$ cat query-v8.txt   # compact mmCIF, C-alpha atoms and all ligand atoms
# COMPACT_ATOMS: atom_id res chain seq x y z
CA MET A 1 25.36 -280.06 -32.12
CA ASP A 2 21.76 -281.03 -32.69
CA ALA A 3 19.03 -278.98 -34.29
CA MET A 4 17.49 -278.04 -30.94
CA THR A 5 20.68 -276.39 -29.68
CA ILE A 6 21.01 -273.98 -32.61
CA ALA A 7 20.58 -270.43 -31.35
CA GLU A 8 17.48 -268.79 -32.77
CA PRO A 9 17.80 -265.23 -33.99
CA ARG A 10 16.41 -262.80 -31.43
CA HIS A 11 15.07 -260.51 -34.12
CA GLY A 12 13.60 -261.26 -37.48
CA LEU A 13 14.63 -263.90 -39.93
CA THR A 14 17.98 -265.41 -40.83
CA LEU A 15 18.54 -267.16 -44.14
CA VAL A 16 21.28 -269.76 -43.81
CA GLY A 17 22.61 -270.56 -47.27
CA ARG A 18 25.14 -269.72 -49.93
CA ARG A 19 25.17 -267.03 -52.57
CA THR A 20 26.41 -269.68 -55.03
CA SER A 21 23.37 -271.90 -54.41
CA HIS A 22 20.36 -271.85 -56.74
CA PHE A 23 18.05 -273.09 -53.94
CA THR A 24 19.25 -270.22 -51.69
CA ARG A 25 18.79 -267.73 -54.50
CA VAL A 26 15.15 -268.77 -54.96
CA VAL A 27 14.52 -267.76 -51.35
CA ALA A 28 16.53 -264.54 -51.69
CA ILE A 29 14.52 -263.50 -54.76
CA VAL A 30 11.18 -264.33 -53.16
CA ALA A 31 12.14 -262.39 -49.99
CA ASP A 32 13.19 -259.42 -52.09
CA GLU A 33 10.04 -259.52 -54.23
CA LEU A 34 7.85 -259.70 -51.11
CA GLY A 35 9.81 -257.00 -49.29
CA VAL A 36 10.57 -259.33 -46.35
CA GLU A 37 13.92 -258.57 -44.76
CA VAL A 38 16.20 -261.52 -44.04
CA GLU A 39 19.65 -261.54 -42.51
CA ARG A 40 22.06 -263.72 -44.47
CA ARG A 41 24.33 -266.34 -42.88
CA SER A 42 26.72 -268.23 -45.09
CA VAL A 43 27.42 -271.95 -44.97
CA ARG A 44 31.15 -272.08 -45.56
CA ASP A 45 31.93 -275.73 -46.12
CA LEU A 46 29.57 -278.03 -48.00
CA ALA A 47 31.72 -280.99 -46.97
CA SER A 48 30.90 -280.36 -43.30
CA GLN A 49 29.14 -283.27 -41.61
CA ASP A 50 27.99 -281.16 -38.66
CA CYS A 51 24.35 -280.06 -38.90
CA ALA A 52 25.20 -276.90 -36.96
CA SER A 53 27.00 -275.75 -40.14
CA TYR A 54 23.64 -275.96 -41.96
CA GLY A 55 21.58 -273.90 -39.52
CA GLY A 56 20.69 -277.11 -37.68
CA ASN A 57 19.16 -278.89 -40.69
CA PRO A 58 19.49 -282.60 -39.83
CA ALA A 59 19.54 -283.41 -43.56
CA LEU A 60 22.76 -281.32 -43.94
CA LYS A 61 21.08 -279.26 -46.66
CA LEU A 62 20.59 -275.60 -47.28
CA PRO A 63 18.86 -273.18 -47.32
CA VAL A 64 17.34 -272.96 -43.85
CA LEU A 65 15.23 -270.12 -42.50
CA LEU A 66 15.75 -269.39 -38.81
CA THR A 67 12.74 -267.63 -37.32
CA PRO A 68 11.99 -266.53 -33.75
CA THR A 69 9.73 -269.60 -33.47
CA GLY A 70 12.01 -272.21 -35.04
CA ALA A 71 13.72 -273.35 -38.21
CA VAL A 72 12.11 -273.99 -41.60
CA TYR A 73 13.69 -276.55 -43.94
CA GLY A 74 13.08 -276.87 -47.68
CA THR A 75 13.13 -274.07 -50.23
CA GLU A 76 9.42 -274.11 -51.02
CA ASN A 77 8.46 -274.27 -47.32
CA ILE A 78 10.73 -271.30 -46.66
CA CYS A 79 9.07 -269.35 -49.47
CA ARG A 80 5.64 -270.14 -48.00
CA ALA A 81 6.91 -268.92 -44.60
CA LEU A 82 8.02 -265.66 -46.22
CA VAL A 83 4.62 -265.17 -47.84
CA ARG A 84 2.94 -265.62 -44.43
CA ARG A 85 5.27 -263.01 -42.96
CA ALA A 86 4.60 -260.62 -45.83
CA GLY A 87 1.05 -260.44 -44.50
CA GLY A 88 -0.63 -261.22 -47.79
CA ALA A 89 0.68 -257.99 -49.30
CA ARG A 90 1.46 -259.84 -52.52
CA LYS A 91 -0.01 -263.04 -53.93
CA ALA A 92 2.44 -265.82 -54.70
CA PHE A 93 1.77 -269.01 -56.63
CA PHE A 94 3.31 -272.26 -55.43
CA THR A 95 3.14 -275.85 -56.63
CA GLU A 96 -0.28 -276.38 -55.03
CA ASP A 97 -1.66 -273.36 -56.91
CA LEU A 98 -0.80 -274.79 -60.33
CA THR A 99 -4.08 -276.13 -61.69
CA ASP A 100 -2.72 -277.26 -65.05
CA GLU A 101 -1.19 -280.76 -64.94
CA ARG A 102 1.52 -279.91 -67.44
CA ALA A 103 2.52 -276.92 -65.31
CA GLN A 104 2.67 -279.21 -62.25
CA SER A 105 4.99 -281.57 -64.17
CA ALA A 106 7.08 -278.60 -65.26
CA GLN A 107 7.56 -277.53 -61.65
CA GLU A 108 8.52 -281.08 -60.69
CA LEU A 109 11.10 -281.19 -63.49
CA VAL A 110 12.61 -277.86 -62.45
CA TRP A 111 13.03 -279.11 -58.87
CA HIS A 112 14.45 -282.36 -60.24
CA ALA A 113 16.93 -280.55 -62.49
CA MET A 114 18.07 -278.35 -59.58
CA SER A 115 18.67 -281.41 -57.41
CA ALA A 116 20.36 -283.33 -60.23
CA GLN A 117 22.78 -280.48 -60.72
CA VAL A 118 23.57 -280.46 -56.98
CA GLN A 119 24.12 -284.23 -57.14
CA TRP A 120 26.42 -283.89 -60.14
CA VAL A 121 28.41 -280.95 -58.75
CA MET A 122 28.69 -282.48 -55.27
CA GLY A 123 29.80 -285.82 -56.69
CA THR A 124 32.16 -284.82 -59.46
CA ARG A 125 33.37 -281.36 -58.43
CA VAL A 126 33.25 -281.33 -54.66
CA CYS A 127 34.06 -285.00 -53.98
CA GLY A 128 36.17 -285.52 -57.12
CA LEU A 129 34.37 -288.72 -58.20
CA PRO A 130 34.64 -289.80 -61.85
CA SER A 131 31.99 -288.14 -64.01
CA ASP A 132 31.88 -291.17 -66.34
CA ASN A 133 30.56 -293.34 -63.53
CA GLU A 134 27.14 -294.74 -64.50
CA TYR A 135 25.54 -292.96 -61.54
CA PHE A 136 26.62 -289.52 -62.80
CA VAL A 137 25.97 -290.41 -66.45
CA LYS A 138 22.36 -291.23 -65.55
CA CYS A 139 22.11 -288.12 -63.37
CA ARG A 140 23.23 -285.99 -66.30
CA LEU A 141 20.87 -287.76 -68.73
CA GLY A 142 17.97 -287.08 -66.39
CA LEU A 143 19.01 -283.43 -66.11
CA GLU A 144 19.19 -283.12 -69.90
CA GLY A 145 15.88 -284.95 -70.31
CA ALA A 146 14.19 -282.53 -67.91
CA LEU A 147 15.67 -279.51 -69.72
CA LYS A 148 14.58 -280.84 -73.13
CA TRP A 149 11.05 -281.34 -71.86
CA LEU A 150 10.98 -277.86 -70.32
CA GLU A 151 12.30 -276.34 -73.55
CA ALA A 152 9.54 -278.05 -75.55
CA HIS A 153 6.71 -277.12 -73.16
CA LEU A 154 7.84 -273.75 -71.78
CA ASP A 155 5.47 -271.50 -73.75
CA ALA A 156 2.47 -273.72 -73.07
CA VAL A 157 3.29 -273.84 -69.36
CA LEU A 158 3.88 -270.09 -69.07
CA SER A 159 0.53 -269.46 -70.75
CA THR A 160 -1.21 -271.28 -67.87
CA LEU A 161 0.32 -269.04 -65.18
CA PRO A 162 -1.77 -266.19 -63.80
CA ALA A 163 0.20 -263.48 -65.60
CA GLY A 164 0.62 -260.26 -63.68
CA GLN A 165 -1.39 -261.49 -60.69
CA GLY A 166 1.51 -262.32 -58.41
CA LEU A 167 4.85 -263.98 -58.01
CA SER A 168 5.17 -267.45 -59.53
CA LEU A 169 7.57 -269.88 -57.90
CA PHE A 170 7.82 -271.80 -61.16
CA GLU A 171 9.38 -268.79 -62.88
CA VAL A 172 11.69 -267.99 -59.97
CA THR A 173 12.97 -271.58 -59.76
CA LEU A 174 13.38 -271.91 -63.53
CA PHE A 175 15.33 -268.65 -63.65
CA CYS A 176 17.64 -269.71 -60.79
CA LEU A 177 18.20 -273.11 -62.43
CA ILE A 178 19.10 -271.76 -65.87
CA GLU A 179 21.41 -269.05 -64.53
CA HIS A 180 23.05 -271.61 -62.27
CA LEU A 181 23.71 -273.92 -65.23
CA ALA A 182 25.58 -271.01 -66.82
CA PHE A 183 27.35 -270.21 -63.54
CA ARG A 184 28.37 -273.83 -62.82
CA PRO A 185 28.59 -275.34 -66.31
CA THR A 186 27.15 -278.84 -66.10
CA VAL A 187 25.39 -279.34 -69.44
CA PRO A 188 25.70 -277.01 -72.47
CA LEU A 189 22.85 -274.51 -72.62
CA GLU A 190 22.97 -273.92 -76.40
CA ALA A 191 20.34 -276.61 -76.96
CA TYR A 192 17.82 -274.65 -74.89
CA PRO A 193 17.31 -271.25 -76.55
CA GLY A 194 13.79 -270.86 -75.16
CA LEU A 195 14.93 -271.45 -71.59
CA THR A 196 17.91 -269.11 -71.90
CA ARG A 197 15.70 -266.42 -73.47
CA PHE A 198 13.26 -266.79 -70.59
CA ALA A 199 16.09 -266.51 -68.02
CA HIS A 200 17.50 -263.47 -69.78
CA LEU A 201 14.14 -261.65 -69.69
CA TYR A 202 13.21 -262.74 -66.17
CA GLY A 203 16.68 -261.74 -64.97
CA GLU A 204 15.87 -258.10 -65.66
CA ARG A 205 13.72 -257.96 -62.53
CA PRO A 206 15.37 -255.91 -59.76
CA ALA A 207 15.15 -258.84 -57.31
CA CYS A 208 17.19 -260.98 -59.73
CA GLN A 209 19.69 -258.20 -60.32
CA ARG A 210 20.17 -257.77 -56.56
CA THR A 211 20.89 -261.47 -55.89
CA PRO A 212 23.53 -262.48 -58.46
CA TYR A 213 25.67 -265.58 -58.18
CA PRO A 214 29.10 -264.29 -57.17
CA SER A 215 31.80 -264.15 -59.77
CA GLU A 216 34.39 -266.54 -58.44
CA PRO A 217 36.75 -268.93 -60.14
CA ILE A 218 35.31 -272.29 -61.17
CA LEU A 219 37.03 -275.00 -59.16
CA ALA A 220 38.95 -277.84 -60.71
CA PRO A 221 37.73 -281.29 -59.57
CA THR A 222 40.93 -281.83 -57.61
CA SER A 223 41.02 -278.36 -56.05
CA LYS A 224 41.66 -278.12 -52.31
CA GLU A 225 39.64 -274.90 -52.17
CA PRO A 226 36.46 -274.97 -50.07
CA PRO A 227 33.85 -276.87 -52.08
CA THR A 228 30.98 -275.00 -53.62
CA CYS A 229 27.61 -275.63 -55.16
N1 LIG A 301 15.09 -280.20 -51.00
C1 LIG A 301 16.05 -279.17 -50.61
C2 LIG A 301 17.26 -279.28 -51.48
C3 LIG A 301 18.31 -278.24 -51.17
C4 LIG A 301 19.69 -278.56 -51.74
O1 LIG A 301 19.92 -279.56 -52.43
N2 LIG A 301 20.62 -277.64 -51.44
C5 LIG A 301 21.99 -277.79 -51.86
C6 LIG A 301 22.61 -276.43 -52.07
S1 LIG A 301 22.26 -275.74 -53.64
C7 LIG A 301 22.77 -278.47 -50.76
O2 LIG A 301 22.39 -278.41 -49.60
N3 LIG A 301 23.88 -279.10 -51.12
C8 LIG A 301 24.75 -279.76 -50.18
C9 LIG A 301 24.65 -281.25 -50.31
O3 LIG A 301 23.89 -281.76 -51.13
O4 LIG A 301 25.39 -281.93 -49.59
C10 LIG A 301 15.37 -277.81 -50.67
O5 LIG A 301 14.33 -277.71 -51.35
O6 LIG A 301 15.80 -276.85 -50.05

$ encode --input "query-v8.txt" --output "structure tokens"
Amino acid sequence: MDAMTIAEPRHGLTLVGRRTSHFTRVVAIVADELGVEVERRSVRDLASQDCASYGGNPALKLPVLLTPTGAVYGTENICRALVRRAGGARKAFFTEDLTDERAQSAQELVWHAMSAQVQWVMGTRVCGLPSDNEYFVKCRLGLEGALKWLEAHLDAVLSTLPAGQGLSLFEVTLFCLIEHLAFRPTVPLEAYPGLTRFAHLYGERPACQRTPYPSEPILAPTSKEPPTC
């Protein structure tokens, strides 16, 4: 089925994603913080090669936001779409609002780390490829490099954010990343006490409490269970 044949929701907004996904959780938290209601639709099988399984996303990625006027792809785009629908009730700060260059790099590294974890989990856990392959070794090194940099610069970056003036996507994404690294162990988190402290404190927000990663068994690489990410 192609993207154009996906049925649009007749009412409101539908978030196509997975409760186990850090990208999906970013959207769920932003929607909750902004008070924008979204229906949830789950993508069951991440091995599916049919874009209909991913809300019509031709890139076979999630999340996707289905709106009465079409589909929105990409987590940050979806968050921007939610802000527009919230009618400006609450200010939100996205990548383009970060004026400090170190904060811009920090956001880039958070997105990179989220994608690297997807790459690693999809390759080694979902597809059962060997984790000592050079491709995954480099992927992991890049993930660890990003985390080390974020650990070293976190306080300086946070101090550049407009504290208390709105919702910051940097904080939401960093929180979802760190909790997801605990949920789907990929690299040990002990080396990043500043990041884990941040996630612990940020996680007290009601929107974070209402969108937890589900407690489900961690899959063995050879498991025949539906893959997860
Ligand atoms: N650039 C995309 C990345 C989304 C992404 O990587 N999503 C993961 C789920 S956490 C996914 O679709 N994984 C399936 C796959 O990579 O095949 C975004 O910002 O939404």

$ closest_residue --input "query-v8.txt" --among "A:Asn57, A:Thr69, A:Arg85, A:Thr99" --to "Pro162 (chain A)" --atoms "all atoms listed in the file"
A:Thr99

$ closest_residue --input "query-v8.txt" --among "A:Leu154, A:Met114, A:Ala199, A:Val187" --to "ligand LIG 301 (chain A)" --atoms "all atoms listed in the file"
A:Met114

$ closest_residue --input "query-v8.txt" --among "A:Val157, A:Val16, A:Val26, A:Val64" --to "Phe175 (chain A)" --atoms "all atoms listed in the file"
A:Val26

$ atom_distance --input "query-v8.txt" --atom1 "atom N3 of ligand LIG 301 (chain A)" --atom2 "CA of Val172 (chain A)"
18.7 Å

$ residues_near_ligand --input "query-v8.txt" --ligand "ligand LIG 301 (chain A)" --cutoff "7 Å" --atoms "only C-alpha atoms and all ligand atoms" --output "list in words"
Ser21, His22, Phe23, Thr24, Leu46, Ala47, Leu60, Lys61, Leu62, Pro63, Tyr73, Gly74, Thr75, Glu76, Ser115, Val118, Gln119, Met122 and Cys229 of chain A

$ axis_aligned_box --input "query-v8.txt" --around "region 126-136 of chain A" --padding-each-side "8 Å" --output "JSON"
{"center_x": 30.9, "center_y": -288.0, "center_z": -60.2, "size_x": 26.6, "size_y": 29.4, "size_z": 28.4}

$ atom_distance --input "query-v8.txt" --atom1 "CA of Gly128 (chain A)" --atom2 "CA of Ala116 (chain A)"
16.3 Å

$ closest_residue --input "query-v8.txt" --among "A:Pro58, A:Gly12, A:Gly123, A:Gly203" --to "Leu177 (chain A)" --atoms "all atoms listed in the file"
A:Gly203

$ closest_residue --input "query-v8.txt" --among "A:Ala156, A:Phe198, A:Pro188, A:Glu39" --to "Glu101 (chain A)" --atoms "all atoms listed in the file"
A:Ala156

$ closest_residue --input "query-v8.txt" --among "A:Leu66, A:Cys79, A:Val126, A:Leu147" --to "Val110 (chain A)" --atoms "only C-alpha atoms"
A:Leu147

$ closest_atom_pairs --input "query-v8.txt" --of "region 125-189 of chain A" --to "region 17-20 of chain A" --cutoff "10 Å" --atoms "only C-alpha atoms" --output "JSON lines"
{"residue": "A:His180", "atom": "CA", "partner": "A:Thr20", "partner_atom": "CA", "distance": 8.2}
{"residue": "A:Phe183", "atom": "CA", "partner": "A:Thr20", "partner_atom": "CA", "distance": 8.6}
{"residue": "A:Arg184", "atom": "CA", "partner": "A:Thr20", "partner_atom": "CA", "distance": 9.0}
